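This is target-v4.cif (mmCIF, C-alpha atoms).
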```cif
data_model
loop_
_atom_site.label_atom_id
_atom_site.label_comp_id
_atom_site.auth_asym_id
_atom_site.auth_seq_id
_atom_site.Cartn_x
_atom_site.Cartn_y
_atom_site.Cartn_z
CA MET A 5 0.00 0.00 0.00
CA ASP A 6 2.82 2.41 0.89
CA ARG A 7 4.50 1.68 -2.44
CA THR A 8 1.23 2.38 -4.27
CA ASN A 9 0.79 5.66 -2.40
CA ARG A 10 4.34 6.74 -3.20
CA ALA A 11 3.84 5.89 -6.86
CA ALA A 12 0.57 7.84 -6.90
CA ARG A 13 2.25 10.86 -5.30
CA ARG A 14 5.11 10.73 -7.81
CA TRP A 15 2.62 10.52 -10.67
CA ALA A 16 0.65 13.45 -9.29
CA GLY A 17 3.82 15.47 -8.81
CA THR A 18 4.90 14.75 -12.38
CA ALA A 19 1.48 15.75 -13.71
CA VAL A 20 1.48 19.01 -11.72
CA THR A 21 4.99 19.82 -12.97
CA ALA A 22 3.96 19.19 -16.57
CA VAL A 23 0.88 21.41 -16.22
CA ARG A 24 2.95 24.18 -14.66
CA ARG A 25 5.55 24.04 -17.44
CA ALA A 26 2.85 24.11 -20.10
CA TRP A 27 1.33 27.17 -18.44
CA GLU A 28 4.59 29.04 -17.87
CA GLY A 29 5.98 29.09 -21.39
CA PRO A 30 6.86 27.34 -24.65
CA GLY A 31 8.21 23.83 -24.36
CA ARG A 32 7.47 20.18 -24.97
CA GLU A 33 4.64 20.14 -22.41
CA ARG A 34 2.82 23.04 -24.10
CA ASP A 35 3.32 21.44 -27.52
CA LEU A 36 1.75 18.21 -26.30
CA ALA A 37 -1.17 20.06 -24.72
CA VAL A 38 -1.82 22.00 -27.92
CA GLN A 39 -1.70 18.87 -30.06
CA ALA A 40 -4.15 17.14 -27.70
CA GLY A 41 -6.53 20.08 -27.93
CA LYS A 42 -6.27 20.14 -31.71
CA GLY A 43 -7.04 16.41 -31.90
CA ALA A 44 -10.14 16.87 -29.76
CA LEU A 45 -11.24 19.85 -31.87
CA ALA A 46 -10.80 17.90 -35.12
CA ALA A 47 -12.89 15.00 -33.80
CA TRP A 48 -15.60 17.40 -32.57
CA VAL A 49 -15.85 19.20 -35.91
CA ALA A 50 -15.98 15.96 -37.88
CA TRP A 51 -18.68 14.52 -35.64
CA ALA A 52 -20.69 17.76 -35.65
CA VAL A 53 -20.91 17.68 -39.45
CA VAL A 54 -21.20 13.96 -40.21
CA GLY A 55 -22.93 12.71 -37.07
CA TRP A 56 -25.04 15.58 -35.75
CA TRP A 57 -25.86 17.46 -38.97
CA LEU A 58 -25.87 14.75 -41.67
CA GLU A 59 -26.77 11.90 -39.29
CA ALA A 60 -24.69 9.38 -41.21
CA PRO A 61 -25.22 5.72 -40.21
CA MET A 62 -21.52 5.17 -39.34
CA ALA A 63 -20.60 8.72 -38.48
CA PHE A 64 -17.87 7.64 -36.04
CA VAL A 65 -15.54 6.97 -38.99
CA ALA A 66 -15.07 10.70 -39.65
CA PRO A 67 -14.00 11.79 -36.11
CA TRP A 68 -11.92 8.64 -35.73
CA VAL A 69 -9.91 9.41 -38.87
CA ALA A 70 -9.72 13.10 -37.97
CA VAL A 71 -8.23 12.55 -34.51
CA VAL A 72 -5.53 10.12 -35.66
CA LEU A 73 -4.38 12.50 -38.42
CA VAL A 74 -3.57 15.37 -36.08
CA GLU A 75 0.01 14.18 -36.29
CA SER A 76 3.21 15.48 -34.74
CA THR A 77 4.16 17.26 -38.00
CA VAL A 78 2.16 18.73 -40.89
CA TYR A 79 4.09 16.65 -43.42
CA ARG A 80 3.24 13.48 -41.51
CA SER A 81 -0.44 14.44 -41.38
CA VAL A 82 -0.60 14.86 -45.15
CA ALA A 83 1.47 11.78 -46.00
CA HIS A 84 -0.31 9.51 -43.54
CA GLY A 85 -3.67 10.92 -44.57
CA LEU A 86 -3.12 9.93 -48.20
CA GLN A 87 -1.82 6.49 -47.22
CA GLN A 88 -4.71 5.90 -44.82
CA LEU A 89 -7.36 6.88 -47.36
CA ALA A 90 -5.76 4.61 -49.95
CA ALA A 91 -5.76 1.71 -47.48
CA ILE A 92 -9.35 2.30 -46.38
CA GLY A 93 -10.49 2.64 -50.00
CA VAL A 94 -8.82 -0.62 -51.06
CA GLY A 95 -10.16 -2.54 -48.07
CA THR A 96 -13.66 -1.13 -48.50
CA ALA A 97 -13.83 -1.87 -52.23
CA LEU A 98 -12.50 -5.40 -51.78
CA ALA A 99 -14.91 -6.23 -48.95
CA THR A 100 -17.89 -4.79 -50.83
CA ALA A 101 -17.15 -6.69 -54.03
CA VAL A 102 -16.64 -10.06 -52.31
CA ALA A 103 -19.65 -9.67 -49.99
CA LEU A 104 -21.98 -8.82 -52.87
CA LEU A 105 -20.57 -11.67 -54.95
CA LEU A 106 -20.91 -14.32 -52.22
CA ASN A 107 -24.00 -12.83 -50.56
CA SER A 108 -22.53 -13.83 -47.18
CA THR A 109 -20.67 -11.54 -44.83
CA MET A 110 -19.20 -14.49 -42.89
CA ALA A 111 -17.73 -16.07 -46.01
CA ALA A 112 -16.57 -12.67 -47.26
CA MET A 113 -14.83 -11.97 -43.96
CA ALA A 114 -12.98 -15.30 -44.10
CA LEU A 115 -11.72 -14.51 -47.61
CA VAL A 116 -11.20 -10.75 -47.44
CA LEU A 117 -9.36 -10.28 -44.13
CA PRO A 118 -6.27 -12.36 -45.01
CA VAL A 119 -5.97 -10.51 -48.33
CA ALA A 120 -6.50 -7.12 -46.66
CA LEU A 121 -3.88 -7.87 -44.03
CA LEU A 122 -1.41 -8.87 -46.73
CA LEU A 123 -2.17 -5.66 -48.63
CA GLY A 124 -1.48 -3.79 -45.40
CA GLN A 125 2.15 -4.92 -45.64
CA TRP A 126 2.61 -3.05 -48.92
CA GLN A 127 5.51 -0.68 -48.45
CA ARG A 128 3.78 2.25 -50.15
CA LEU A 129 1.08 2.24 -47.47
CA GLY A 130 3.67 2.49 -44.72
CA SER A 131 2.37 2.35 -41.17
CA GLN A 132 -1.18 3.01 -42.41
CA GLY A 133 -1.51 -0.35 -44.17
CA VAL A 134 -3.46 -1.84 -41.27
CA TYR A 135 -6.41 0.38 -42.21
CA ALA A 136 -7.08 -1.80 -45.25
CA ALA A 137 -8.35 -4.50 -42.90
CA THR A 138 -10.11 -1.84 -40.79
CA GLY A 139 -11.97 -0.53 -43.84
CA ALA A 140 -13.03 -4.05 -44.75
CA LEU A 141 -14.32 -4.67 -41.22
CA PHE A 142 -16.36 -1.46 -41.28
CA VAL A 143 -18.14 -2.77 -44.38
CA LEU A 144 -18.65 -6.35 -43.24
CA THR A 145 -19.80 -5.56 -39.67
CA GLY A 146 -21.94 -2.50 -40.39
CA GLY A 147 -25.14 -4.24 -41.48
CA GLU A 148 -26.37 -4.78 -45.01
CA VAL A 149 -23.59 -4.38 -47.57
CA THR A 150 -24.40 -2.00 -50.40
CA VAL A 151 -22.36 0.02 -52.86
CA ALA A 152 -23.95 3.24 -51.58
CA GLY A 153 -23.16 2.37 -47.97
CA SER A 154 -19.54 1.55 -48.79
CA ALA A 155 -19.19 4.78 -50.74
CA ALA A 156 -20.52 6.63 -47.68
CA ARG A 157 -17.82 5.00 -45.50
CA VAL A 158 -15.10 6.21 -47.86
CA LEU A 159 -16.58 9.73 -48.02
CA GLU A 160 -16.76 9.87 -44.22
CA ALA A 161 -13.11 8.86 -44.03
CA VAL A 162 -12.18 11.49 -46.64
CA PHE A 163 -14.01 14.19 -44.71
CA GLY A 164 -12.41 13.15 -41.42
CA ALA A 165 -8.97 13.17 -43.00
CA ALA A 166 -9.59 16.61 -44.47
CA VAL A 167 -10.66 17.96 -41.06
CA GLY A 168 -7.69 16.42 -39.25
CA VAL A 169 -5.13 17.74 -41.73
CA ALA A 170 -6.80 21.17 -41.90
CA VAL A 171 -6.80 21.58 -38.13
CA ASN A 172 -3.14 20.58 -37.92
CA VAL A 173 -2.18 22.94 -40.75
CA LEU A 174 -4.22 25.99 -39.80
CA ILE A 175 -4.02 25.98 -35.99
CA ARG A 176 -0.51 26.39 -34.65
CA PRO A 177 1.21 23.87 -36.93
CA PRO A 178 3.95 22.16 -34.91
CA VAL A 179 7.58 23.22 -35.37
CA TYR A 180 10.33 21.48 -33.41
CA LEU A 181 13.36 23.68 -34.04
CA ARG A 182 13.43 24.61 -30.35
CA ASP A 183 13.53 20.93 -29.37
CA ALA A 184 16.60 20.28 -31.53
CA ARG A 185 18.57 23.10 -29.94
CA ALA A 186 17.47 22.09 -26.44
CA ALA A 187 18.52 18.47 -27.06
CA LEU A 188 21.94 19.57 -28.29
CA GLU A 189 22.37 21.88 -25.31
CA ASP A 190 21.44 19.06 -22.91
CA ALA A 191 24.01 16.72 -24.48
CA ALA A 192 26.78 19.34 -24.48
CA ARG A 193 26.05 20.33 -20.88
CA GLU A 194 26.10 16.71 -19.70
CA ALA A 195 29.40 16.12 -21.54
CA TYR A 196 30.92 19.21 -19.92
CA GLU A 197 29.79 18.25 -16.42
CA LEU A 198 30.77 14.59 -16.76
CA LEU A 199 34.25 15.30 -18.12
CA GLY A 200 34.79 17.83 -15.34
CA ALA A 201 33.71 15.31 -12.69
CA VAL A 202 36.06 12.62 -14.03
CA ALA A 203 38.91 15.13 -14.25
CA ASP A 204 38.41 16.24 -10.65
CA GLY A 205 38.31 12.64 -9.45
CA LEU A 206 41.48 11.66 -11.29
CA ALA A 207 43.34 14.79 -10.23
CA THR A 208 42.63 14.31 -6.53
CA GLY A 209 42.99 10.53 -6.56
CA THR A 210 39.68 10.12 -4.73
CA TRP A 211 38.10 7.76 -7.28
CA ASP A 212 37.04 4.25 -6.44
CA ALA A 213 35.01 1.54 -8.17
CA HIS A 214 31.69 3.05 -7.06
CA ALA A 215 32.51 6.55 -8.33
CA ALA A 216 33.99 5.20 -11.55
CA GLY A 217 30.89 3.06 -12.09
CA ASP A 218 28.69 6.14 -11.70
CA TRP A 219 30.83 7.98 -14.26
CA HIS A 220 30.44 5.14 -16.74
CA VAL A 221 26.66 5.07 -16.28
CA ARG A 222 26.57 8.81 -16.98
CA ALA A 223 28.75 8.29 -20.06
CA LEU A 224 26.28 5.74 -21.42
CA ARG A 225 23.46 8.18 -20.70
CA LEU A 226 25.41 10.83 -22.65
CA GLY A 227 25.29 8.55 -25.69
CA ARG A 228 21.51 8.33 -25.36
CA LEU A 229 21.27 12.13 -25.12
CA VAL A 230 23.22 12.43 -28.37
CA ASP A 231 20.85 9.95 -30.03
CA GLN A 232 17.91 12.05 -28.81
CA ALA A 233 19.53 15.16 -30.27
CA ARG A 234 19.97 13.43 -33.63
CA SER A 235 16.33 12.37 -33.56
CA ALA A 236 15.22 15.90 -32.62
CA ILE A 237 17.07 17.33 -35.62
CA GLY A 238 15.23 14.90 -37.88
CA TRP A 239 11.89 15.94 -36.35
CA SER A 240 12.80 19.61 -36.82
CA ARG A 241 13.53 19.17 -40.49
CA GLU A 242 10.33 17.24 -41.05
CA SER A 243 8.23 19.73 -39.10
CA VAL A 244 9.02 22.62 -41.47
CA ARG A 245 7.99 20.69 -44.59
CA VAL A 246 4.67 21.88 -46.10
CA ASN A 247 4.22 23.98 -42.94
CA PRO A 248 2.43 27.30 -43.58
CA LEU A 249 3.69 28.77 -40.31
CA VAL A 250 7.24 28.53 -41.62
CA ARG A 251 6.21 30.27 -44.83
CA ARG A 252 4.52 33.11 -42.92
CA LYS A 253 7.40 33.59 -40.47
CA ARG A 254 10.68 33.70 -42.29
CA ALA A 255 12.52 33.56 -38.96
CA PHE A 256 12.31 29.78 -39.04
CA SER A 257 15.18 27.96 -40.73
CA LEU A 258 16.18 24.34 -41.06
CA PRO A 259 18.85 22.97 -38.73
CA GLY A 260 21.87 23.33 -40.98
CA GLU A 261 25.23 21.63 -41.18
CA ALA A 262 26.24 23.23 -37.87
CA TYR A 263 23.68 21.09 -36.03
CA THR A 264 24.67 17.96 -37.95
CA ASP A 265 28.35 18.57 -37.28
CA ALA A 266 27.60 19.21 -33.61
CA VAL A 267 25.80 15.86 -33.30
CA ASP A 268 28.75 14.08 -34.93
CA VAL A 269 31.23 15.74 -32.57
CA LEU A 270 29.11 15.10 -29.49
CA ASP A 271 28.71 11.49 -30.59
CA TYR A 272 32.49 11.19 -30.72
CA VAL A 273 32.72 12.84 -27.30
CA ALA A 274 30.23 10.32 -25.94
CA VAL A 275 32.12 7.34 -27.39
CA HIS A 276 35.45 8.68 -26.13
CA THR A 277 34.05 9.43 -22.69
CA ALA A 278 32.51 5.97 -22.41
CA GLY A 279 35.90 4.46 -23.26
CA VAL A 280 37.65 6.61 -20.67
CA THR A 281 35.16 5.87 -17.90
CA ARG A 282 35.20 2.13 -18.67
CA THR A 283 39.00 2.09 -18.43
CA VAL A 284 38.92 4.01 -15.15
CA TRP A 285 36.16 1.74 -13.80
CA GLU A 286 38.01 -1.46 -14.70
CA THR A 287 41.21 -0.07 -13.22
CA ALA A 288 39.50 0.98 -9.98
CA ASP A 289 37.83 -2.42 -9.69
CA GLY A 290 41.12 -4.32 -10.14
CA GLU A 291 44.26 -4.64 -8.13
CA GLU A 292 45.67 -1.52 -6.49
CA ALA A 293 49.03 -2.22 -8.12
CA GLY A 294 47.42 -1.99 -11.52
CA ARG A 295 46.56 1.68 -11.10
CA PRO A 296 48.49 4.13 -13.28
CA ALA A 297 51.04 6.42 -11.74
CA PRO A 298 49.63 9.59 -10.09
CA GLU A 299 51.52 11.86 -12.49
CA LEU A 300 49.89 10.03 -15.39
CA THR A 301 46.36 10.36 -14.01
CA ARG A 302 46.91 14.04 -13.21
CA SER A 303 48.14 14.65 -16.74
CA TYR A 304 45.12 12.88 -18.20
CA ALA A 305 42.86 14.80 -15.80
CA ASP A 306 44.25 18.04 -17.24
CA PHE A 307 43.38 16.79 -20.71
CA LEU A 308 39.81 15.93 -19.64
CA ARG A 309 39.37 19.31 -17.97
CA HIS A 310 40.47 21.16 -21.10
CA THR A 311 38.27 18.87 -23.19
CA ALA A 312 35.28 19.80 -21.04
CA ARG A 313 35.95 23.50 -21.55
CA ALA A 314 36.42 23.01 -25.30
CA VAL A 315 33.13 21.08 -25.55
CA ARG A 316 31.27 23.86 -23.73
CA LEU A 317 32.73 26.52 -26.02
CA TYR A 318 32.08 24.38 -29.09
CA GLY A 319 28.42 24.15 -28.15
CA GLN A 320 28.19 27.91 -27.79
CA THR A 321 29.68 28.50 -31.25
CA ARG A 322 27.66 25.81 -33.04
CA PHE A 323 24.14 26.00 -31.63
CA GLY A 324 24.18 28.63 -28.90
CA PRO A 325 22.16 31.84 -29.26
CA GLY A 326 23.83 34.17 -31.73
CA ASP A 327 25.13 37.47 -30.38
CA ASP A 328 27.95 39.96 -30.77
CA GLY A 329 30.24 37.74 -28.71
CA ASP A 330 30.37 34.92 -31.27
CA ASP A 331 33.82 35.90 -32.53
CA ALA A 332 35.14 36.13 -28.99
CA VAL A 333 33.76 32.68 -28.15
CA ALA A 334 35.29 31.24 -31.34
CA GLU A 335 38.66 32.69 -30.35
CA GLN A 336 38.30 31.18 -26.87
CA LEU A 337 37.53 27.82 -28.50
CA ARG A 338 40.67 27.99 -30.60
CA GLU A 339 42.72 28.81 -27.52
CA ALA A 340 41.08 25.98 -25.59
CA VAL A 341 41.88 23.49 -28.36
CA GLU A 342 45.48 24.67 -28.49
CA GLU A 343 45.75 24.15 -24.73
CA LEU A 344 44.13 20.76 -25.19
CA HIS A 345 46.85 19.78 -27.65
CA ARG A 346 49.54 20.97 -25.23
CA THR A 347 48.16 18.79 -22.44
CA LEU A 348 48.03 15.85 -24.83
CA ASP A 349 51.66 16.37 -25.78
CA GLU A 350 52.58 16.45 -22.10
CA PHE A 351 50.61 13.25 -21.49
CA ARG A 352 52.33 11.56 -24.42
CA ARG A 353 55.79 12.51 -23.09
CA ARG A 354 55.01 11.11 -19.66
CA LEU A 355 53.32 7.95 -20.87
CA PRO A 356 56.34 5.73 -21.73
CA GLY A 357 58.14 6.48 -18.47
CA ALA A 358 55.01 5.97 -16.36
CA VAL A 359 54.34 2.40 -17.55
CA PRO A 360 57.72 1.11 -18.80
CA GLU A 361 57.10 -2.52 -17.82
CA ASP A 362 53.38 -2.76 -18.53
CA PRO A 363 52.70 -3.21 -22.29
CA ALA A 364 48.96 -3.69 -21.73
CA ALA A 365 48.62 -0.39 -19.87
CA LEU A 366 50.79 1.33 -22.47
CA ALA A 367 48.53 0.04 -25.26
CA THR A 368 45.38 1.09 -23.40
CA TYR A 369 46.54 4.62 -22.70
CA GLY A 370 48.08 4.88 -26.16
CA THR A 371 44.64 4.13 -27.64
CA LEU A 372 43.05 6.78 -25.43
CA LEU A 373 45.74 9.22 -26.50
CA ALA A 374 44.98 8.61 -30.19
CA GLN A 375 41.26 9.08 -29.54
CA ALA A 376 42.00 12.28 -27.67
CA HIS A 377 43.97 13.73 -30.58
CA ARG A 378 41.13 13.02 -32.98
CA LEU A 379 38.64 14.55 -30.55
CA ALA A 380 40.69 17.71 -30.28
CA ASP A 381 40.82 17.97 -34.06
CA GLN A 382 37.01 17.58 -34.21
CA LEU A 383 36.53 20.53 -31.90
CA VAL A 384 38.36 22.95 -34.18
CA GLN A 385 35.86 25.14 -36.02
CA ASP A 386 35.83 25.05 -39.82
#
```

Would you mind giving the structure from this file in structure tokens?
Amino acid sequence: MDRTNRAARRWAGTAVTAVRRAWEGPGRERDLAVQAGKGALAAWVAWAVVGWWLEAPMAFVAPWVAVVLVESTVYRSVAHGLQQLAAIGVGTALATAVALLLNSTMAAMALVLPVALLLGQWQRLGSQGVYAATGALFVLTGGEVTVAGSAARVLEAVFGAAVGVAVNVLIRPPVYLRDARAALEDAAREAYELLGAVADGLATGTWDAHAAGDWHVRALRLGRLVDQARSAIGWSRESVRVNPLVRRKRAFSLPGEAYTDAVDVLDYVAVHTAGVTRTVWETADGEEAGRPAPELTRSYADFLRHTARAVRLYGQTRFGPGDDGDDAVAEQLREAVEELHRTLDEFRRRLPGAVPEDPAALATYGTLLAQAHRLADQLVQD
């Protein structure tokens, strides 16, 4: 019971936080709330016309199609709308023809559904292929099968699709450019904080297996944040296609090569950081004698600290808010990368003497050194 109460309180707290964020300003929570309201409006309009005004026998088809086509992007609404109507039309026509030919809905269902489900796998119908079977079921379970009744089902679906797409296009069409920048900022901030934490731990020698394990978990999470940023960029690009809001407000622009380059660099940072934290974790979890010399860990800590600063500055130059200080930040980035190379050179000079009789350790840290050089090169602005 206590566990259930705690779960209920956490759920309530999460819901209250989401409502507050949606109320306070633009963000994912407000976008979701707006899309939910638009879906409800589309269903209401479709039902008001087809069900209340025209009193169609299967009026629920129109609001059902309308609500599912208030998609996350305008382009997706249009594309899925066309695919869904094609699927419903094929399924409806097939079911009507077979039912009239056999004069038995049970026999028609046994023959039509397997064919409709196979048609639903057609690549051109995409994720909407399942509606071929749905259209067939509407015909075969809706009473007497007639050509006029089947035509009415298709017209209801067409009207619902038109309402759903129109609502999504005309009322605050979704644009996700803000989400792409926020995702990139989250990944860069986590990389900066994680690299700084590892550097501090190595420099002071206060790291153990527990701390190193936590660092590695955060490094894996950094990789997931980079994947989310890459996905957000894809959503942003799709959300501006056939979007009238973008045409009216020229301020919107596609995420350009700067965003793509930033994702690639952050992905490399995530891979490199995961390798570093895994090495540190395995070392901390092994024999004490297997630990690298303190001067070696301090040298590598300096490299990580300068890497963290370079990542933060790189983020500001690539996807931070533009201002008059861009040139100054770019100059700071160049200086940070130069310092990063100096710390790498120092680490490379100390490496052979620190592990003269340990070829395995020399190979491990040599690999990390090579990765570090490539990372530093990635952070240099074009």

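Between Trp285 in chain A and the candidates A:Glu339, A:Glu148, A:Asp35, A:Asp212, the tightest atom-to-atom separation, counting only C-alpha atoms, involves A:Asp212.
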
In Å, how far is it from CA of Thr109 in chain A to CA of Gly124 in chain A?
->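 Computing it gives 20.7 Å between the two atoms.
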
Using only C-alpha atoms, can you list as a tab-separated table (two decimals) with C-alpha atoms, keeping the file's coordinate frame the residues within 8 Å of (-14.3, -6.0, -43.2)?
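Printed below is result.tsv as written:
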```tsv
chain	number	residue	atom	x	y	z
A	95	GLY	CA	-10.16	-2.54	-48.07
A	96	THR	CA	-13.66	-1.13	-48.50
A	99	ALA	CA	-14.91	-6.23	-48.95
A	113	MET	CA	-14.83	-11.97	-43.96
A	116	VAL	CA	-11.20	-10.75	-47.44
A	117	LEU	CA	-9.36	-10.28	-44.13
A	137	ALA	CA	-8.35	-4.50	-42.90
A	138	THR	CA	-10.11	-1.84	-40.79
A	139	GLY	CA	-11.97	-0.53	-43.84
A	140	ALA	CA	-13.03	-4.05	-44.75
A	141	LEU	CA	-14.32	-4.67	-41.22
A	142	PHE	CA	-16.36	-1.46	-41.28
A	143	VAL	CA	-18.14	-2.77	-44.38
A	144	LEU	CA	-18.65	-6.35	-43.24
A	145	THR	CA	-19.80	-5.56	-39.67
```

To verify the selection step, state as a PDB file with C-alpha atoms, keeping the file's coordinate frame which residues the PyMOL selection byres ((chain A and resi 67) around 10) yields on this input.
```pdb
ATOM      1  CA  GLY A  43      -7.040  16.410 -31.900  1.00  0.00           C
ATOM      2  CA  ALA A  44     -10.140  16.870 -29.760  1.00  0.00           C
ATOM      3  CA  LEU A  45     -11.240  19.850 -31.870  1.00  0.00           C
ATOM      4  CA  ALA A  46     -10.800  17.900 -35.120  1.00  0.00           C
ATOM      5  CA  ALA A  47     -12.890  15.000 -33.800  1.00  0.00           C
ATOM      6  CA  TRP A  48     -15.600  17.400 -32.570  1.00  0.00           C
ATOM      7  CA  VAL A  49     -15.850  19.200 -35.910  1.00  0.00           C
ATOM      8  CA  ALA A  50     -15.980  15.960 -37.880  1.00  0.00           C
ATOM      9  CA  TRP A  51     -18.680  14.520 -35.640  1.00  0.00           C
ATOM     10  CA  ALA A  52     -20.690  17.760 -35.650  1.00  0.00           C
ATOM     11  CA  VAL A  53     -20.910  17.680 -39.450  1.00  0.00           C
ATOM     12  CA  VAL A  54     -21.200  13.960 -40.210  1.00  0.00           C
ATOM     13  CA  GLY A  55     -22.930  12.710 -37.070  1.00  0.00           C
ATOM     14  CA  ALA A  63     -20.600   8.720 -38.480  1.00  0.00           C
ATOM     15  CA  PHE A  64     -17.870   7.640 -36.040  1.00  0.00           C
ATOM     16  CA  VAL A  65     -15.540   6.970 -38.990  1.00  0.00           C
ATOM     17  CA  ALA A  66     -15.070  10.700 -39.650  1.00  0.00           C
ATOM     18  CA  TRP A  68     -11.920   8.640 -35.730  1.00  0.00           C
ATOM     19  CA  VAL A  69      -9.910   9.410 -38.870  1.00  0.00           C
ATOM     20  CA  ALA A  70      -9.720  13.100 -37.970  1.00  0.00           C
ATOM     21  CA  VAL A  71      -8.230  12.550 -34.510  1.00  0.00           C
ATOM     22  CA  VAL A  72      -5.530  10.120 -35.660  1.00  0.00           C
ATOM     23  CA  LEU A  73      -4.380  12.500 -38.420  1.00  0.00           C
ATOM     24  CA  GLU A 160     -16.760   9.870 -44.220  1.00  0.00           C
ATOM     25  CA  ALA A 161     -13.110   8.860 -44.030  1.00  0.00           C
ATOM     26  CA  PHE A 163     -14.010  14.190 -44.710  1.00  0.00           C
ATOM     27  CA  GLY A 164     -12.410  13.150 -41.420  1.00  0.00           C
ATOM     28  CA  ALA A 165      -8.970  13.170 -43.000  1.00  0.00           C
ATOM     29  CA  VAL A 167     -10.660  17.960 -41.060  1.00  0.00           C
ATOM     30  CA  GLY A 168      -7.690  16.420 -39.250  1.00  0.00           C
TER      31      GLY A 168
END
```

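The neighbours of Val162 in chain A here are the residues that come within 8 Å of it, using all atoms listed in the file and leaving out any residue fewer than 4 positions away in the same chain; they are Ala66, Leu89, Val158 and Ala166 of chain A.
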
Just the residues within 6 Å of Ser303 in chain A, please, counting only C-alpha atoms, with nothing from its chain fewer than 3 positions along; format it as number ranges by chain.
-> A: 300, 306, 351

Which residue out of A:Arg193, A:Arg316, A:Arg354, A:Lys42 has the minimum interatomic distance to Val173 in chain A when all atoms listed in the file are used?
-> A:Lys42
